[in-house]
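**Student:** Below is the file model_11.txt, with compact mmCIF, C-alpha atoms.
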```txt
# COMPACT_ATOMS: atom_id res chain seq x y z
CA MET B 1 -22.76 -51.55 -26.92
CA LYS B 2 -23.31 -48.18 -28.56
CA ARG B 3 -26.40 -47.63 -26.44
CA GLU B 4 -24.51 -48.49 -23.26
CA PHE B 5 -21.63 -46.20 -24.27
CA PHE B 6 -23.95 -43.22 -24.81
CA ILE B 7 -25.70 -43.87 -21.48
CA PHE B 8 -22.30 -43.96 -19.75
CA ALA B 9 -21.14 -40.79 -21.53
CA ALA B 10 -24.35 -38.96 -20.62
CA ALA B 11 -24.05 -40.01 -16.99
CA ALA B 12 -20.41 -38.94 -16.90
CA GLY B 13 -21.34 -35.60 -18.43
CA LEU B 14 -24.02 -35.02 -15.83
CA ALA B 15 -21.60 -35.93 -13.04
CA ILE B 16 -18.99 -33.49 -14.36
CA ALA B 17 -21.60 -30.75 -14.72
CA ALA B 18 -22.86 -31.35 -11.18
CA SER B 19 -19.31 -31.31 -9.83
CA SER B 20 -18.58 -28.09 -11.71
CA ALA B 21 -21.78 -26.47 -10.41
CA GLN B 22 -20.90 -27.48 -6.84
CA ALA B 23 -17.38 -26.02 -7.17
CA GLN B 24 -18.81 -22.85 -8.68
CA SER B 25 -21.25 -22.50 -5.76
CA LYS B 26 -18.30 -22.36 -3.37
CA ILE B 27 -16.56 -19.49 -5.17
CA VAL B 28 -17.09 -16.15 -3.42
CA ARG B 29 -16.43 -13.03 -5.49
CA VAL B 30 -14.95 -10.33 -3.27
CA GLU B 31 -13.95 -6.74 -3.94
CA ALA B 32 -11.83 -4.77 -1.47
CA GLY B 33 -9.94 -1.49 -1.20
CA ASN B 34 -6.27 -0.73 -1.36
CA PRO B 35 -3.84 -3.65 -0.87
CA GLY B 36 -2.43 -3.51 2.65
CA SER B 37 -5.46 -1.69 4.05
CA LEU B 38 -7.35 -2.95 7.08
CA THR B 39 -10.35 -4.03 5.02
CA THR B 40 -8.23 -5.98 2.53
CA SER B 41 -6.33 -7.60 5.40
CA LEU B 42 -9.65 -8.80 6.84
CA MET B 43 -10.76 -10.29 3.51
CA THR B 44 -7.38 -12.00 3.13
CA VAL B 45 -7.46 -13.73 6.51
CA LEU B 46 -11.12 -14.69 5.98
CA SER B 47 -10.16 -16.34 2.69
CA LYS B 48 -7.85 -18.70 4.62
CA ILE B 49 -10.44 -19.40 7.29
CA TYR B 50 -13.33 -20.01 4.87
CA LYS B 51 -11.23 -22.28 2.66
CA ARG B 52 -10.11 -24.37 5.62
CA GLU B 53 -13.46 -24.52 7.43
CA PHE B 54 -15.99 -24.67 4.59
CA GLY B 55 -14.14 -25.12 1.29
CA TYR B 56 -15.12 -21.64 0.08
CA SER B 57 -12.71 -19.97 -2.34
CA LEU B 58 -12.62 -16.17 -2.01
CA GLN B 59 -11.56 -14.53 -5.25
CA ILE B 60 -10.38 -11.14 -3.95
CA ASN B 61 -10.16 -8.25 -6.39
CA ASP B 62 -8.46 -5.52 -4.38
CA GLY B 63 -7.51 -1.96 -5.27
CA GLN B 64 -11.17 -1.13 -5.93
CA THR B 65 -13.16 2.04 -5.23
CA LEU B 66 -15.77 0.80 -2.77
CA THR B 67 -18.50 3.15 -3.96
CA ARG B 68 -18.43 1.27 -7.27
CA SER B 69 -18.05 -2.13 -5.64
CA ALA B 70 -21.20 -1.42 -3.60
CA LEU B 71 -23.23 -1.00 -6.78
CA LYS B 72 -21.84 -4.26 -8.13
CA LEU B 73 -22.75 -6.03 -4.90
CA GLY B 74 -26.31 -4.70 -5.11
CA ARG B 75 -26.53 -5.88 -8.72
CA GLY B 76 -25.33 -9.38 -7.78
CA LYS B 77 -22.00 -9.13 -9.61
CA VAL B 78 -20.04 -9.30 -6.34
CA ASP B 79 -20.80 -11.62 -3.41
CA MET B 80 -19.01 -9.92 -0.52
CA MET B 81 -17.13 -6.72 0.35
CA PRO B 82 -16.02 -4.51 3.23
CA PHE B 83 -18.83 -1.96 3.37
CA PRO B 84 -18.51 1.54 4.91
CA PRO B 85 -21.86 2.54 6.51
CA ILE B 86 -21.67 5.95 4.86
CA ILE B 87 -21.67 4.32 1.41
CA TYR B 88 -24.84 2.38 2.18
CA HIS B 89 -26.41 5.61 3.47
CA PHE B 90 -25.52 7.39 0.22
CA MET B 91 -26.76 4.43 -1.88
CA SER B 92 -30.10 4.13 -0.13
CA LYS B 93 -30.73 7.87 -0.62
CA GLY B 94 -29.18 8.12 -4.09
CA ALA B 95 -27.06 10.94 -2.67
CA ALA B 96 -23.50 12.33 -2.88
CA MET B 97 -21.52 10.45 -5.58
CA TYR B 98 -24.76 8.66 -6.64
CA LYS B 99 -26.85 11.82 -6.89
CA LYS B 100 -26.72 12.54 -10.61
CA LYS B 101 -26.45 9.72 -13.15
CA LEU B 102 -26.70 6.84 -10.67
CA HIS B 103 -29.54 8.04 -8.45
CA LYS B 104 -32.17 5.40 -9.34
CA GLN B 105 -29.64 2.62 -9.86
CA ALA B 106 -28.08 3.20 -6.43
CA ILE B 107 -31.42 3.11 -4.60
CA ALA B 108 -32.38 -0.11 -6.41
CA ALA B 109 -28.99 -1.71 -5.66
CA SER B 110 -29.21 -0.81 -1.97
CA LYS B 111 -32.28 -3.03 -1.62
CA ASN B 112 -30.13 -6.07 -2.41
CA VAL B 113 -27.47 -5.42 0.24
CA ARG B 114 -27.33 -7.48 3.43
CA MET B 115 -24.84 -7.42 6.32
CA LEU B 116 -22.97 -9.99 8.40
CA MET B 117 -21.43 -7.75 11.10
CA GLY B 118 -19.87 -4.39 11.91
CA HIS B 119 -16.61 -3.29 13.54
CA LYS B 120 -14.40 -0.36 14.44
CA ALA B 121 -12.11 0.15 11.50
CA ASN B 122 -9.95 3.20 11.11
CA LEU B 123 -8.87 6.66 12.17
CA TYR B 124 -7.86 9.45 9.81
CA HIS B 125 -4.07 9.63 9.71
CA ALA B 126 -3.00 13.05 8.39
CA VAL B 127 0.74 12.83 7.73
CA ALA B 128 2.99 15.88 7.25
CA PHE B 129 6.73 15.36 6.86
CA ASP B 130 9.08 17.23 9.15
CA GLY B 131 10.10 20.50 7.49
CA ALA B 132 6.89 20.90 5.47
CA GLY B 133 5.71 23.73 7.73
CA VAL B 134 2.62 21.78 8.78
CA LYS B 135 2.21 20.70 12.40
CA THR B 136 -1.46 21.58 13.04
CA TRP B 137 -4.68 21.45 11.04
CA LYS B 138 -4.68 25.23 10.65
CA ASP B 139 -1.31 24.98 8.90
CA ILE B 140 -2.82 23.21 5.86
CA LYS B 141 -4.14 26.51 4.49
CA GLY B 142 -2.81 26.93 0.96
CA LYS B 143 -1.19 23.47 1.02
CA ARG B 144 -1.50 20.45 -1.26
CA VAL B 145 -3.54 17.87 0.63
CA PHE B 146 -4.26 14.32 -0.55
CA THR B 147 -7.80 13.52 0.64
CA GLY B 148 -8.52 10.18 -1.12
CA PRO B 149 -9.46 8.61 -4.46
CA PRO B 150 -11.73 10.34 -7.00
CA SER B 151 -15.43 9.53 -6.44
CA GLY B 152 -14.57 7.69 -3.22
CA ALA B 153 -16.23 8.12 0.16
CA ALA B 154 -12.86 8.62 1.91
CA ALA B 155 -12.20 11.91 0.12
CA VAL B 156 -15.69 13.19 0.94
CA GLN B 157 -15.25 12.27 4.59
CA SER B 158 -11.73 13.76 4.84
CA GLU B 159 -12.88 17.07 3.42
CA ARG B 160 -15.94 17.17 5.70
CA LEU B 161 -13.74 16.47 8.71
CA ILE B 162 -11.44 19.36 7.80
CA LYS B 163 -14.46 21.65 7.40
CA LEU B 164 -15.73 20.72 10.87
CA MET B 165 -12.36 21.14 12.55
CA VAL B 166 -11.00 24.35 11.07
CA GLY B 167 -13.69 25.59 8.68
CA TYR B 168 -11.54 25.19 5.57
CA THR B 169 -13.20 24.48 2.22
CA ALA B 170 -11.55 22.14 -0.32
CA ASN B 171 -9.97 23.90 -3.32
CA LYS B 172 -10.60 27.27 -1.72
CA ASP B 173 -8.53 27.25 1.45
CA TYR B 174 -6.33 24.31 0.44
CA LYS B 175 -5.73 22.27 -2.70
CA ALA B 176 -7.55 18.94 -2.39
CA ILE B 177 -5.68 16.30 -4.38
CA ARG B 178 -7.71 13.21 -5.30
CA LEU B 179 -5.78 10.24 -6.67
CA PRO B 180 -5.99 6.44 -6.42
CA TRP B 181 -4.55 5.19 -3.11
CA GLY B 182 -1.31 3.92 -4.59
CA SER B 183 -0.71 7.08 -6.61
CA GLY B 184 -1.42 9.28 -3.59
CA LEU B 185 1.09 7.39 -1.46
CA GLN B 186 3.74 7.63 -4.18
CA ALA B 187 3.09 11.35 -4.64
CA MET B 188 3.69 11.88 -0.91
CA MET B 189 6.87 9.80 -1.04
CA ASP B 190 8.06 11.89 -4.02
CA GLY B 191 7.50 15.18 -2.20
CA LYS B 192 4.62 16.33 -4.41
CA LEU B 193 2.19 16.69 -1.48
CA ASP B 194 2.30 18.61 1.78
CA VAL B 195 -0.20 16.42 3.65
CA TYR B 196 -1.34 12.84 3.08
CA ILE B 197 -4.66 11.85 4.69
CA ARG B 198 -5.58 8.21 4.92
CA PRO B 199 -8.25 6.36 6.94
CA ALA B 200 -6.29 3.48 8.42
CA GLY B 201 -6.20 1.08 11.33
CA ILE B 202 -3.67 1.80 14.07
CA GLY B 203 -0.34 0.32 12.99
CA ASP B 204 -1.08 0.59 9.25
CA ALA B 205 1.77 -0.51 6.97
CA ASN B 206 1.34 2.43 4.58
CA ILE B 207 1.94 4.94 7.38
CA GLU B 208 4.94 2.89 8.48
CA GLN B 209 6.27 3.17 4.93
CA LEU B 210 6.09 6.96 5.07
CA GLY B 211 7.88 6.94 8.43
CA SER B 212 10.71 4.87 6.97
CA LYS B 213 11.39 7.70 4.53
CA LYS B 214 11.36 10.69 6.90
CA GLY B 215 10.13 11.87 10.30
CA PHE B 216 6.53 13.07 10.28
CA TYR B 217 3.76 14.58 12.37
CA LEU B 218 0.22 13.23 12.61
CA LEU B 219 -2.09 16.24 12.74
CA ASN B 220 -3.92 16.28 16.06
CA ALA B 221 -7.53 17.42 16.38
CA GLY B 222 -7.48 17.06 20.16
CA PRO B 223 -6.49 20.69 20.87
CA ILE B 224 -9.41 22.02 18.78
CA LYS B 225 -12.17 23.15 21.18
CA ASN B 226 -15.04 24.06 18.83
CA GLY B 227 -17.08 20.90 19.41
CA TRP B 228 -15.98 19.30 16.13
CA ASP B 229 -16.06 15.83 17.72
CA ARG B 230 -19.73 16.04 18.72
CA LYS B 231 -20.69 17.30 15.27
CA TYR B 232 -18.56 14.67 13.58
CA THR B 233 -20.00 11.69 15.44
CA LYS B 234 -23.54 12.72 14.50
CA GLY B 235 -22.72 11.53 10.99
CA VAL B 236 -23.28 7.96 9.77
CA GLY B 237 -20.60 5.46 10.73
CA ARG B 238 -18.31 7.97 12.44
CA VAL B 239 -16.23 7.64 15.62
CA VAL B 240 -13.50 9.58 17.41
CA GLY B 241 -10.41 7.76 18.66
CA THR B 242 -6.79 8.05 19.70
CA ILE B 243 -3.54 7.15 17.95
CA PRO B 244 -0.92 6.72 20.71
CA LYS B 245 2.37 8.59 20.45
CA GLY B 246 5.17 6.36 19.24
CA THR B 247 2.84 4.11 17.26
CA TYR B 248 4.95 4.50 14.10
CA LYS B 249 8.62 4.67 13.30
CA GLY B 250 9.41 8.30 12.50
CA GLN B 251 6.32 9.66 14.31
CA LEU B 252 7.42 12.93 15.96
CA ASN B 253 4.31 13.72 18.03
CA LYS B 254 5.08 14.12 21.72
CA GLU B 255 1.43 13.50 22.63
CA ASP B 256 -1.34 11.08 21.68
CA VAL B 257 -3.30 12.12 18.61
CA THR B 258 -7.09 12.48 18.78
CA ILE B 259 -8.87 12.32 15.44
CA GLY B 260 -12.05 11.20 13.70
CA GLY B 261 -12.47 7.79 12.14
CA ALA B 262 -14.94 5.40 10.59
CA LEU B 263 -16.75 2.15 11.21
CA PHE B 264 -17.02 -0.66 8.65
CA THR B 265 -19.35 -3.55 8.03
CA VAL B 266 -19.06 -6.77 6.05
CA GLY B 267 -21.68 -6.76 3.32
CA VAL B 268 -22.99 -9.56 1.11
CA ARG B 269 -25.54 -9.74 -1.69
CA ALA B 270 -29.08 -10.58 -0.64
CA GLY B 271 -29.14 -13.63 -2.94
CA LEU B 272 -26.29 -15.37 -1.16
CA SER B 273 -27.54 -18.68 0.27
CA ASP B 274 -28.53 -18.75 3.94
CA GLU B 275 -26.08 -21.58 4.55
CA MET B 276 -23.14 -19.62 3.14
CA ALA B 277 -24.04 -16.46 5.06
CA TYR B 278 -24.41 -18.50 8.27
CA ASN B 279 -21.05 -20.21 7.78
CA MET B 280 -19.29 -16.96 6.88
CA THR B 281 -20.63 -15.24 10.01
CA LYS B 282 -19.73 -18.22 12.17
CA GLY B 283 -16.28 -18.57 10.60
CA LEU B 284 -15.49 -14.93 11.29
CA TRP B 285 -16.53 -14.78 14.94
CA GLU B 286 -15.32 -18.23 15.95
CA ASN B 287 -11.83 -17.57 14.57
CA LEU B 288 -11.50 -14.07 16.01
CA ALA B 289 -8.22 -14.84 17.80
CA GLU B 290 -6.68 -15.83 14.46
CA ILE B 291 -7.98 -12.62 12.85
CA HIS B 292 -6.49 -10.48 15.64
CA LYS B 293 -3.16 -12.28 15.35
CA SER B 294 -3.00 -11.83 11.58
CA ALA B 295 -2.73 -8.00 11.66
CA LYS B 296 -2.45 -5.36 14.37
CA THR B 297 -4.99 -3.20 12.51
CA LEU B 298 -7.69 -5.88 13.05
CA GLU B 299 -7.44 -5.97 16.84
CA ALA B 300 -10.37 -3.54 17.24
CA ILE B 301 -12.89 -6.12 15.91
CA SER B 302 -14.97 -7.27 18.89
CA PHE B 303 -17.89 -9.66 19.40
CA LYS B 304 -19.06 -7.32 22.16
CA THR B 305 -20.24 -4.90 19.44
CA PRO B 306 -21.21 -7.10 16.45
CA PHE B 307 -23.66 -4.56 15.01
CA ILE B 308 -21.66 -1.36 15.44
CA GLY B 309 -22.08 0.72 12.29
CA VAL B 310 -24.54 -1.73 10.70
CA ASN B 311 -27.25 0.31 8.95
CA ALA B 312 -28.60 -2.24 6.45
CA PRO B 313 -30.60 -5.42 7.18
CA LEU B 314 -28.70 -8.49 8.30
CA HIS B 315 -28.65 -11.54 6.05
CA PRO B 316 -31.02 -14.28 7.31
CA GLY B 317 -28.05 -16.63 7.60
CA ALA B 318 -26.31 -14.16 9.91
CA VAL B 319 -29.52 -13.78 11.94
CA ARG B 320 -29.57 -17.54 12.48
CA TYR B 321 -26.02 -17.49 13.88
CA TYR B 322 -26.66 -14.60 16.27
CA LYS B 323 -29.87 -16.22 17.53
CA GLU B 324 -27.99 -19.45 18.20
CA LYS B 325 -25.49 -17.47 20.26
CA GLY B 326 -28.23 -15.67 22.18
CA VAL B 327 -27.28 -12.24 20.81
CA ALA B 328 -30.09 -9.69 20.87
CA ILE B 329 -30.66 -8.28 17.40
CA PRO B 330 -32.06 -4.74 16.99
CA ALA B 331 -35.43 -4.81 15.25
CA ARG B 332 -34.22 -2.32 12.64
CA LEU B 333 -31.64 -4.86 11.39
CA MET B 334 -34.03 -7.78 10.90
CA PRO B 335 -34.54 -8.65 7.23
CA LYS B 336 -38.09 -8.35 5.93
```
Using structure tokens, write down the structure from this file.

**Tutor:**
Amino acid sequence: MKREFFIFAAAAGLAIAASSAQAQSKIVRVEAGNPGSLTTSLMTVLSKIYKREFGYSLQINDGQTLTRSALKLGRGKVDMMPFPPIIYHFMSKGAAMYKKKLHKQAIAASKNVRMLMGHKANLYHAVAFDGAGVKTWKDIKGKRVFTGPPSGAAAVQSERLIKLMVGYTANKDYKAIRLPWGSGLQAMMDGKLDVYIRPAGIGDANIEQLGSKKGFYLLNAGPIKNGWDRKYTKGVGRVVGTIPKGTYKGQLNKEDVTIGGALFTVGVRAGLSDEMAYNMTKGLWENLAEIHKSAKTLEAISFKTPFIGVNAPLHPGAVRYYKEKGVAIPARLMPK
């Protein structure tokens, strides 16, 4: 009887361990940016789709600085994240925020990054409250301008965009304020900033929040005729787009606003199983109507341009899905 009991206990233990391992294999560790942002909204709706379709549980850790999340993805500590193309460019070169202490680590981590897809993501919303004396980009001279979080790609891009448009240098011609996203928004609400710059999808809730406090202008780069747009779009993952007048409550612009923006990709670690990467790619594209319906900011995602902004190899699982759908894959994106 003792022998039979121990055999039963051992078998039960193995069954529990196997069940636990299977459950663990369906947990997807995700890091995303500021809550309420376009990228976090996408991860949130995907968590519902993946749970329903495949039983995957996305554990989303939002409010993260994506330059740091990218390193964690490359080291296998994160499974999935919204991935700005410019960050992968910096990682693969060990440049910008990775240049000094993290040079070698960033290059090594970049080799373990794979992509599922790319999409149009955001435009730079530069908000100035009515009465602040700022209605054009030239007016920011000497002003306090929130450009993004410390060590983040958004701040680097905002300051480069300003340089291209009006030639102003951060902390020389204007005071560049770098704070976490939430702190920057609160500082603007409290009147401690003159301009608040945020890369956001059209219809972003954070911009709506500012409009509920006071009327504001979105700074328009359209009138600037120095070729800034051509120079800007030569950079990695950059686009130029339009924010229609009347998009937001409190928006005082009488004309559409032309401004620079960014593309995004969905990145995963190279070690993710082919089956999971295939299912995640399939689940995204075959539930696109649900994704569009979930948030206005996600309406720009299109299967007509699945590789827009993608500058790292696709995951083999994603390749399998695109081949099944007859989508031509650029040779540069094929995994080795």

**Student:** State, in Å with one decimal place, the distance from CA of Phe307 (chain B) to CA of Ser294 (chain B).

**Tutor:**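 CA of Ser294 (chain B) lies at a distance of 22.2 Å from CA of Phe307 (chain B).
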
**Student:** Which is closest to Met276 (chain B) among B:Ala318, B:Val166, B:Ala108, B:Val240, if we use all atoms listed in the file?

**Tutor:**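 Closest residue, counting all atoms listed in the file: B:Ala318.
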
**Student:** Tell me which of B:Leu161, B:Ala312, B:Gly36, B:Ile291 sits closest to Met91 (chain B), counting only C-alpha atoms.

**Tutor:**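 Nearest candidate to Met91 (chain B) out of B:Leu161, B:Ala312, B:Gly36, B:Ile291: B:Ala312.
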
**Student:** Please, what distance in Å, to one decimal, runs between CA of Ala121 (chain B) and CA of Ile87 (chain B)?

**Tutor:**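 Between CA of Ala121 (chain B) and CA of Ile87 (chain B) the gap works out to 14.5 Å.
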
**Student:** What's the separation between CA of Asp190 (chain B) and CA of Gly142 (chain B), in Å to one decimal place?

**Tutor:**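 Between CA of Asp190 (chain B) and CA of Gly142 (chain B) the gap is 19.2 Å.
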
**Student:** Between B:Leu272, B:Val257, B:Ser158, B:Asp130, which is the closest to Lys213 (chain B) once you count all atoms listed in the file?

**Tutor:**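 Of all the options, B:Asp130 lies closest to Lys213 (chain B).
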
**Student:** Compile the contact shell of His315 (chain B) as a VMD selection string: residues with an atom at most 10 Å away, counting all atoms listed in the file, same-chain residues fewer than 2 positions apart removed.

**Tutor:** chain B and resid 113 to 117 267 to 274 277 to 278 281 312 to 313 317 to 320 333 to 336

**Student:** Box in all listed atoms of region 275-285 of chain B, axis-aligned, with 5 Å more on each side; write out centre and edge lengths in Å to one decimal as lines of an AutoDock Vina configuration file.

**Tutor:**
```
center_x = -20.8
center_y = -18.2
center_z = 9.0
size_x = 20.6
size_y = 16.8
size_z = 21.8
```

**Student:** Tell me which protein, DNA and RNA residues are within 9 Å of Gly237 (chain B), counting all atoms listed in the file, leaving out same-chain ones fewer than 3 positions away, and put them as a ChimeraX atom specification.

**Tutor:** /B:84-86,233-234,261-264,308-311

**Student:** For Leu298 (chain B), list every protein, DNA or RNA residue within 12 Å, evaluated using only C-alpha atoms, and leave out those in the same chain fewer than 4 positions away; present the list as a list in words.

**Tutor:** Gly36, Ser37, Leu38, Thr39, Thr40, Ser41, Leu42, Met43, Thr44, Val45, Leu46, His119, Lys120, Ala121, Asn122, Ala200, Gly201, Ile202, Gly203, Asp204, Phe264, Leu288, Ala289, Glu290, Ile291, His292, Lys293, Ser294 and Ser302 of chain B

**Student:** Using only C-alpha atoms, which of the listed residues (B:Pro244, B:Gly63, B:Gly167, B:Gly211) sits closest to Met188 (chain B)?

**Tutor:**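 Of B:Pro244, B:Gly63, B:Gly167, B:Gly211, the one nearest Met188 (chain B), counting only C-alpha atoms, is B:Gly211.
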
**Student:** Got a sec: who's within 9 Å of region 64-72 of chain B, counting only C-alpha atoms, leaving out chain neighbours fewer than 2 positions off, as a ChimeraX atom specification?

**Tutor:** /B:31-34,61-62,74-79,81-84,87-88,91,97-98,105-106,109-110,113,149-153,180,267

**Student:** When distances are computed from all atoms listed in the file, which of B:Pro330, B:Gly260, B:Gly246, B:Pro199 shows the smallest separation from Leu314 (chain B)?

**Tutor:**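 That would be B:Pro330, the residue with the smallest distance to Leu314 (chain B).
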
**Student:** Need to verify the contact set: Asp256 (chain B), 12 Å, only C-alpha atoms, exclusion of same-chain residues closer than 3 positions in sequence. Can you return it as JSON, numbers by chain?

**Tutor:** {"B": [217, 218, 219, 220, 221, 222, 223, 241, 242, 243, 244, 245, 246, 247, 248, 251, 252, 253, 259]}

**Student:** Quick one: of B:Val127, B:Val30, B:Ile329, B:Ala155, who's nearest to Ala176 (chain B), counting all atoms listed in the file?

**Tutor:**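 Closest residue, counting all atoms listed in the file: B:Ala155.
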